[in-house]
$ cat upload_33.cif   # mmCIF, N, CA, C and O atoms
data_model
loop_
_atom_site.label_atom_id
_atom_site.label_comp_id
_atom_site.auth_asym_id
_atom_site.auth_seq_id
_atom_site.Cartn_x
_atom_site.Cartn_y
_atom_site.Cartn_z
N MET A 1 180.86 194.18 10.81
CA MET A 1 180.89 193.67 12.16
C MET A 1 180.12 194.62 13.07
O MET A 1 180.27 195.83 12.98
N ASN A 2 179.30 194.05 13.92
CA ASN A 2 178.56 194.83 14.89
C ASN A 2 179.13 194.56 16.28
O ASN A 2 178.94 193.48 16.84
N PRO A 3 179.84 195.53 16.87
CA PRO A 3 180.55 195.27 18.12
C PRO A 3 179.62 194.98 19.31
O PRO A 3 179.98 194.21 20.20
N ILE A 4 178.44 195.56 19.34
CA ILE A 4 177.52 195.32 20.46
C ILE A 4 177.05 193.87 20.44
O ILE A 4 177.02 193.18 21.47
N THR A 5 176.68 193.37 19.28
CA THR A 5 176.24 191.99 19.16
C THR A 5 177.38 191.02 19.48
O THR A 5 177.17 190.01 20.15
N VAL A 6 178.57 191.34 19.02
CA VAL A 6 179.73 190.51 19.32
C VAL A 6 180.00 190.47 20.82
O VAL A 6 180.22 189.41 21.41
N LEU A 7 179.95 191.63 21.47
CA LEU A 7 180.18 191.69 22.92
C LEU A 7 179.10 190.94 23.70
O LEU A 7 179.41 190.26 24.69
N LEU A 8 177.86 191.04 23.28
CA LEU A 8 176.80 190.28 23.94
C LEU A 8 177.01 188.78 23.76
O LEU A 8 176.75 188.00 24.68
N GLY A 9 177.46 188.38 22.60
CA GLY A 9 177.76 186.97 22.36
C GLY A 9 178.89 186.47 23.25
O GLY A 9 178.80 185.40 23.85
N ILE A 10 179.93 187.27 23.36
CA ILE A 10 181.05 186.90 24.23
C ILE A 10 180.60 186.83 25.68
O ILE A 10 180.98 185.91 26.42
N ALA A 11 179.77 187.78 26.11
CA ALA A 11 179.27 187.78 27.49
C ALA A 11 178.41 186.55 27.76
O ALA A 11 178.51 185.93 28.83
N ALA A 12 177.57 186.16 26.82
CA ALA A 12 176.72 184.98 27.00
C ALA A 12 177.57 183.71 27.08
O ALA A 12 177.31 182.83 27.91
N ILE A 13 178.58 183.61 26.23
CA ILE A 13 179.48 182.44 26.28
C ILE A 13 180.22 182.41 27.61
O ILE A 13 180.33 181.35 28.24
N ALA A 14 180.71 183.56 28.05
CA ALA A 14 181.42 183.62 29.33
C ALA A 14 180.51 183.23 30.49
O ALA A 14 180.94 182.51 31.40
N TYR A 15 179.26 183.66 30.46
CA TYR A 15 178.32 183.29 31.52
C TYR A 15 178.09 181.78 31.53
O TYR A 15 178.08 181.15 32.60
N GLY A 16 177.88 181.19 30.38
CA GLY A 16 177.68 179.75 30.31
C GLY A 16 178.89 178.97 30.80
O GLY A 16 178.74 177.99 31.52
N LEU A 17 180.08 179.41 30.42
CA LEU A 17 181.29 178.75 30.88
C LEU A 17 181.49 178.93 32.38
O LEU A 17 181.91 178.01 33.09
N TYR A 18 181.15 180.12 32.89
CA TYR A 18 181.25 180.36 34.33
C TYR A 18 180.31 179.45 35.12
O TYR A 18 180.70 178.88 36.14
N THR A 19 179.08 179.31 34.66
CA THR A 19 178.15 178.45 35.38
C THR A 19 178.59 176.99 35.32
O THR A 19 178.40 176.26 36.29
N ALA A 20 179.20 176.57 34.22
CA ALA A 20 179.72 175.20 34.14
C ALA A 20 180.84 175.00 35.16
O ALA A 20 180.88 173.98 35.85
N TRP A 21 181.71 175.97 35.27
CA TRP A 21 182.81 175.89 36.24
C TRP A 21 182.29 175.97 37.67
O TRP A 21 182.68 175.17 38.54
N ALA A 22 181.40 176.92 37.93
CA ALA A 22 180.91 177.13 39.29
C ALA A 22 180.07 175.96 39.78
O ALA A 22 180.03 175.68 40.98
N ARG A 23 179.40 175.27 38.89
CA ARG A 23 178.60 174.11 39.29
C ARG A 23 179.49 173.04 39.91
O ARG A 23 179.10 172.34 40.83
N ARG A 24 180.70 172.92 39.41
CA ARG A 24 181.64 171.94 39.96
C ARG A 24 182.38 172.49 41.19
O ARG A 24 182.57 171.79 42.16
N ALA A 25 182.81 173.74 41.12
CA ALA A 25 183.63 174.31 42.18
C ALA A 25 182.82 174.76 43.39
O ALA A 25 183.25 174.56 44.53
N ARG A 26 181.66 175.38 43.16
CA ARG A 26 180.85 175.92 44.26
C ARG A 26 179.37 175.65 44.00
O ARG A 26 178.61 176.58 43.70
N PRO A 27 178.91 174.43 44.12
CA PRO A 27 177.51 174.12 43.81
C PRO A 27 176.52 174.79 44.76
O PRO A 27 175.37 175.01 44.39
N ALA A 28 176.94 175.15 45.96
CA ALA A 28 176.03 175.81 46.91
C ALA A 28 175.68 177.23 46.46
O ALA A 28 174.72 177.81 46.97
N GLN A 29 176.41 177.76 45.51
CA GLN A 29 176.18 179.12 45.02
C GLN A 29 174.87 179.24 44.23
O GLN A 29 174.31 180.32 44.12
N PHE A 30 174.37 178.13 43.70
CA PHE A 30 173.18 178.14 42.87
C PHE A 30 171.94 177.95 43.73
O PHE A 30 171.60 176.83 44.11
N GLY A 31 171.24 179.02 44.00
CA GLY A 31 170.05 178.96 44.84
C GLY A 31 168.87 178.28 44.18
O GLY A 31 168.02 177.72 44.86
N LYS A 32 168.81 178.29 42.87
CA LYS A 32 167.68 177.69 42.17
C LYS A 32 167.86 176.20 41.90
O LYS A 32 166.91 175.52 41.57
N LEU A 33 169.07 175.70 42.09
CA LEU A 33 169.34 174.30 41.77
C LEU A 33 168.63 173.35 42.73
O LEU A 33 168.00 172.38 42.29
N GLU A 34 168.68 173.61 44.00
CA GLU A 34 168.03 172.71 44.97
C GLU A 34 166.52 172.67 44.81
O GLU A 34 165.94 171.60 44.83
N PRO A 35 165.84 173.83 44.62
CA PRO A 35 164.40 173.74 44.36
C PRO A 35 164.06 172.97 43.07
O PRO A 35 163.07 172.25 43.01
N MET A 36 164.91 173.11 42.05
CA MET A 36 164.69 172.37 40.81
C MET A 36 164.85 170.87 41.06
O MET A 36 164.08 170.07 40.54
N LYS A 37 165.84 170.49 41.85
CA LYS A 37 166.06 169.08 42.16
C LYS A 37 164.89 168.52 42.97
O LYS A 37 164.47 167.39 42.75
N SER A 38 164.38 169.31 43.92
CA SER A 38 163.27 168.80 44.73
C SER A 38 161.98 168.70 43.92
O SER A 38 161.15 167.83 44.17
N PHE A 39 161.81 169.56 42.94
CA PHE A 39 160.59 169.53 42.13
C PHE A 39 160.64 168.45 41.06
O PHE A 39 159.69 167.71 40.87
N TRP A 40 161.76 168.39 40.31
CA TRP A 40 161.87 167.46 39.18
C TRP A 40 162.70 166.21 39.49
O TRP A 40 162.95 165.41 38.60
N GLY A 41 163.20 166.08 40.69
CA GLY A 41 164.06 164.96 41.03
C GLY A 41 165.52 165.32 40.84
O GLY A 41 165.86 166.32 40.21
N GLU A 42 166.39 164.49 41.37
CA GLU A 42 167.83 164.76 41.32
C GLU A 42 168.35 164.91 39.88
O GLU A 42 168.95 165.92 39.53
N GLY A 43 168.08 163.92 39.06
CA GLY A 43 168.59 163.95 37.68
C GLY A 43 167.89 164.97 36.81
O GLY A 43 168.52 165.70 36.04
N GLY A 44 166.56 165.05 36.93
CA GLY A 44 165.80 166.00 36.11
C GLY A 44 166.10 167.44 36.43
O GLY A 44 166.26 168.28 35.54
N GLY A 45 166.20 167.75 37.71
CA GLY A 45 166.52 169.12 38.12
C GLY A 45 167.90 169.53 37.67
O GLY A 45 168.11 170.66 37.21
N GLN A 46 168.86 168.61 37.81
CA GLN A 46 170.23 168.91 37.36
C GLN A 46 170.27 169.12 35.85
O GLN A 46 170.90 170.05 35.37
N LEU A 47 169.57 168.27 35.11
CA LEU A 47 169.55 168.38 33.65
C LEU A 47 168.93 169.70 33.20
O LEU A 47 169.49 170.39 32.33
N ILE A 48 167.81 170.05 33.76
CA ILE A 48 167.15 171.31 33.39
C ILE A 48 168.03 172.49 33.74
O ILE A 48 168.15 173.45 32.97
N HIS A 49 168.69 172.44 34.88
CA HIS A 49 169.57 173.52 35.29
C HIS A 49 170.76 173.66 34.34
O HIS A 49 171.12 174.77 33.95
N VAL A 50 171.35 172.55 33.95
CA VAL A 50 172.49 172.58 33.02
C VAL A 50 172.06 173.14 31.67
O VAL A 50 172.75 173.98 31.08
N ILE A 51 170.92 172.69 31.19
CA ILE A 51 170.43 173.18 29.90
C ILE A 51 170.13 174.68 29.96
O ILE A 51 170.58 175.44 29.10
N ALA A 52 169.40 175.10 31.00
CA ALA A 52 168.96 176.50 31.08
C ALA A 52 170.09 177.48 31.37
O ALA A 52 170.08 178.60 30.85
N TYR A 53 171.05 177.09 32.21
CA TYR A 53 172.05 178.05 32.66
C TYR A 53 173.44 177.84 32.06
O TYR A 53 174.32 178.67 32.27
N THR A 54 173.64 176.77 31.31
CA THR A 54 174.95 176.54 30.69
C THR A 54 174.84 176.38 29.18
O THR A 54 175.46 177.14 28.43
N ILE A 55 174.06 175.42 28.73
CA ILE A 55 174.01 175.11 27.30
C ILE A 55 173.33 176.23 26.50
O ILE A 55 173.87 176.67 25.48
N VAL A 56 172.18 176.69 26.96
CA VAL A 56 171.46 177.73 26.22
C VAL A 56 172.29 179.02 26.12
O VAL A 56 172.42 179.57 25.01
N PRO A 57 172.88 179.53 27.21
CA PRO A 57 173.70 180.74 27.05
C PRO A 57 174.89 180.56 26.10
O PRO A 57 175.21 181.46 25.34
N ILE A 58 175.52 179.38 26.14
CA ILE A 58 176.66 179.16 25.23
C ILE A 58 176.19 179.13 23.78
O ILE A 58 176.81 179.75 22.91
N VAL A 59 175.09 178.44 23.51
CA VAL A 59 174.58 178.37 22.13
C VAL A 59 174.13 179.74 21.65
O VAL A 59 174.46 180.16 20.53
N VAL A 60 173.39 180.46 22.48
CA VAL A 60 172.96 181.82 22.12
C VAL A 60 174.17 182.72 21.90
O VAL A 60 174.20 183.53 20.96
N GLY A 61 175.17 182.58 22.76
CA GLY A 61 176.38 183.38 22.62
C GLY A 61 177.11 183.12 21.31
O GLY A 61 177.59 184.03 20.65
N ILE A 62 177.19 181.85 20.93
CA ILE A 62 177.84 181.51 19.66
C ILE A 62 177.07 182.10 18.49
O ILE A 62 177.66 182.67 17.57
N VAL A 63 175.75 181.98 18.54
CA VAL A 63 174.92 182.54 17.45
C VAL A 63 175.09 184.06 17.38
O VAL A 63 175.26 184.62 16.30
N LEU A 64 175.06 184.73 18.54
CA LEU A 64 175.24 186.18 18.55
C LEU A 64 176.62 186.58 18.06
O LEU A 64 176.77 187.53 17.29
N LEU A 65 177.63 185.86 18.51
CA LEU A 65 179.00 186.17 18.10
C LEU A 65 179.16 186.03 16.59
O LEU A 65 179.68 186.95 15.93
N LEU A 66 178.71 184.92 16.04
CA LEU A 66 178.84 184.73 14.60
C LEU A 66 177.99 185.73 13.82
O LEU A 66 178.43 186.25 12.79
N SER A 67 176.78 185.99 14.30
CA SER A 67 175.92 186.97 13.63
C SER A 67 176.54 188.36 13.65
O SER A 67 176.52 189.08 12.65
N GLY A 68 177.09 188.73 14.81
CA GLY A 68 177.73 190.03 14.92
C GLY A 68 178.95 190.16 14.04
O GLY A 68 179.21 191.21 13.45
N LEU A 69 179.70 189.08 13.91
CA LEU A 69 180.88 189.12 13.03
C LEU A 69 180.48 189.23 11.55
O LEU A 69 181.23 189.78 10.75
N MET A 70 179.29 188.71 11.21
CA MET A 70 178.81 188.82 9.83
C MET A 70 178.08 190.12 9.57
O MET A 70 177.60 190.34 8.46
N GLY A 71 177.94 190.96 10.60
CA GLY A 71 177.35 192.27 10.39
C GLY A 71 175.93 192.44 10.87
O GLY A 71 175.37 193.52 10.80
N ALA A 72 175.31 191.39 11.37
CA ALA A 72 173.93 191.50 11.86
C ALA A 72 173.93 192.29 13.17
O ALA A 72 174.84 192.18 13.98
N ALA A 73 172.88 193.06 13.37
CA ALA A 73 172.76 193.87 14.58
C ALA A 73 171.59 193.37 15.42
O ALA A 73 170.50 193.14 14.92
N LEU A 74 171.85 193.16 16.69
CA LEU A 74 170.80 192.75 17.62
C LEU A 74 169.91 193.94 17.94
O LEU A 74 168.71 193.80 18.06
N PHE A 75 170.50 195.10 18.08
CA PHE A 75 169.73 196.33 18.37
C PHE A 75 169.82 197.29 17.22
O PHE A 75 170.77 197.51 16.61
#

$ encode --input "upload_33.cif" --output "structure tokens"
Amino acid sequence: MNPITVLLGIAAIAYGLYTAWARRARPAQFGKLEPMKSFWGEGGGQLIHVIAYTIVPIVVGIVLLLSGLMGAALF
């Protein structure tokens, strides 16, 4: 087990979950969301924002967590 990789995985998952929660609770907190919506449209900007700031960190976090538990080292 590599504790640094595991901790980075947990942090990435926590960040993704936080952005999912904050998007519903405090949408004004996201400064990049409105420019994305104005550039790509309401649906496109929201979709890109969800993918980039929620889904990708959670997936990367899961991969890092599992890799770290199997002994792989990120650094």

$ residues_around --input "upload_33.cif" --residues "range 19-25 of chain A" --least-positions-apart "5" --cutoff "7 Å" --atoms "only N, CA, C and O atoms" --output "number ranges by chain"
A: 13-14, 30, 53-54

$ select_by_dssp --input "upload_33.cif" --residues "chain A" --states "alpha helix (DSSP H)" --output "PyMOL selection string"
chain A and resi 3-25+33-40+42-50+56-69

$ atom_distance --input "upload_33.cif" --atom1 "atom O of Gln29 in chain A" --atom2 "CA of Gln46 in chain A"
13.9 Å

$ closest_residue --input "upload_33.cif" --among "A:Gly61, A:Gly43, A:Pro27, A:Pro35" --to "Val6 in chain A" --atoms "all atoms listed in the file"
A:Gly61

$ resolve_selection --input "upload_33.cif" --expression "the PyMOL selection byres ((chain A and resi 4) around 8)" --output "mmCIF file with N, CA, C and O atoms, in the coordinates of the input"
data_model
loop_
_atom_site.group_PDB
_atom_site.id
_atom_site.type_symbol
_atom_site.label_atom_id
_atom_site.label_comp_id
_atom_site.auth_asym_id
_atom_site.auth_seq_id
_atom_site.Cartn_x
_atom_site.Cartn_y
_atom_site.Cartn_z
ATOM 1 N N MET A 1 180.860 194.180 10.810
ATOM 2 C CA MET A 1 180.890 193.670 12.160
ATOM 3 C C MET A 1 180.120 194.620 13.070
ATOM 4 O O MET A 1 180.270 195.830 12.980
ATOM 5 N N ASN A 2 179.300 194.050 13.920
ATOM 6 C CA ASN A 2 178.560 194.830 14.890
ATOM 7 C C ASN A 2 179.130 194.560 16.280
ATOM 8 O O ASN A 2 178.940 193.480 16.840
ATOM 9 N N PRO A 3 179.840 195.530 16.870
ATOM 10 C CA PRO A 3 180.550 195.270 18.120
ATOM 11 C C PRO A 3 179.620 194.980 19.310
ATOM 12 O O PRO A 3 179.980 194.210 20.200
ATOM 13 N N THR A 5 176.680 193.370 19.280
ATOM 14 C CA THR A 5 176.240 191.990 19.160
ATOM 15 C C THR A 5 177.380 191.020 19.480
ATOM 16 O O THR A 5 177.170 190.010 20.150
ATOM 17 N N VAL A 6 178.570 191.340 19.020
ATOM 18 C CA VAL A 6 179.730 190.510 19.320
ATOM 19 C C VAL A 6 180.000 190.470 20.820
ATOM 20 O O VAL A 6 180.220 189.410 21.410
ATOM 21 N N LEU A 7 179.950 191.630 21.470
ATOM 22 C CA LEU A 7 180.180 191.690 22.920
ATOM 23 C C LEU A 7 179.100 190.940 23.700
ATOM 24 O O LEU A 7 179.410 190.260 24.690
ATOM 25 N N LEU A 8 177.860 191.040 23.280
ATOM 26 C CA LEU A 8 176.800 190.280 23.940
ATOM 27 C C LEU A 8 177.010 188.780 23.760
ATOM 28 O O LEU A 8 176.750 188.000 24.680
ATOM 29 N N GLY A 9 177.460 188.380 22.600
ATOM 30 C CA GLY A 9 177.760 186.970 22.360
ATOM 31 C C GLY A 9 178.890 186.470 23.250
ATOM 32 O O GLY A 9 178.800 185.400 23.850
ATOM 33 N N ILE A 10 179.930 187.270 23.360
ATOM 34 C CA ILE A 10 181.050 186.900 24.230
ATOM 35 C C ILE A 10 180.600 186.830 25.680
ATOM 36 O O ILE A 10 180.980 185.910 26.420
ATOM 37 N N ALA A 11 179.770 187.780 26.110
ATOM 38 C CA ALA A 11 179.270 187.780 27.490
ATOM 39 C C ALA A 11 178.410 186.550 27.760
ATOM 40 O O ALA A 11 178.510 185.930 28.830
ATOM 41 N N LEU A 64 175.060 184.730 18.540
ATOM 42 C CA LEU A 64 175.240 186.180 18.550
ATOM 43 C C LEU A 64 176.620 186.580 18.060
ATOM 44 O O LEU A 64 176.770 187.530 17.290
ATOM 45 N N LEU A 65 177.630 185.860 18.510
ATOM 46 C CA LEU A 65 179.000 186.170 18.100
ATOM 47 C C LEU A 65 179.160 186.030 16.590
ATOM 48 O O LEU A 65 179.680 186.950 15.930
ATOM 49 N N GLY A 68 177.090 188.730 14.810
ATOM 50 C CA GLY A 68 177.730 190.030 14.920
ATOM 51 C C GLY A 68 178.950 190.160 14.040
ATOM 52 O O GLY A 68 179.210 191.210 13.450
ATOM 53 N N ALA A 72 175.310 191.390 11.370
ATOM 54 C CA ALA A 72 173.930 191.500 11.860
ATOM 55 C C ALA A 72 173.930 192.290 13.170
ATOM 56 O O ALA A 72 174.840 192.180 13.980
ATOM 57 N N ALA A 73 172.880 193.060 13.370
ATOM 58 C CA ALA A 73 172.760 193.870 14.580
ATOM 59 C C ALA A 73 171.590 193.370 15.420
ATOM 60 O O ALA A 73 170.500 193.140 14.920
ATOM 61 N N LEU A 74 171.850 193.160 16.690
ATOM 62 C CA LEU A 74 170.800 192.750 17.620
ATOM 63 C C LEU A 74 169.910 193.940 17.940
ATOM 64 O O LEU A 74 168.710 193.800 18.060
ATOM 65 N N PHE A 75 170.500 195.100 18.080
ATOM 66 C CA PHE A 75 169.730 196.330 18.370
ATOM 67 C C PHE A 75 169.820 197.290 17.220
ATOM 68 O O PHE A 75 170.770 197.510 16.610
#

$ atom_distance --input "upload_33.cif" --atom1 "CA of Pro57 in chain A" --atom2 "atom C of Ala12 in chain A"
4.9 Å
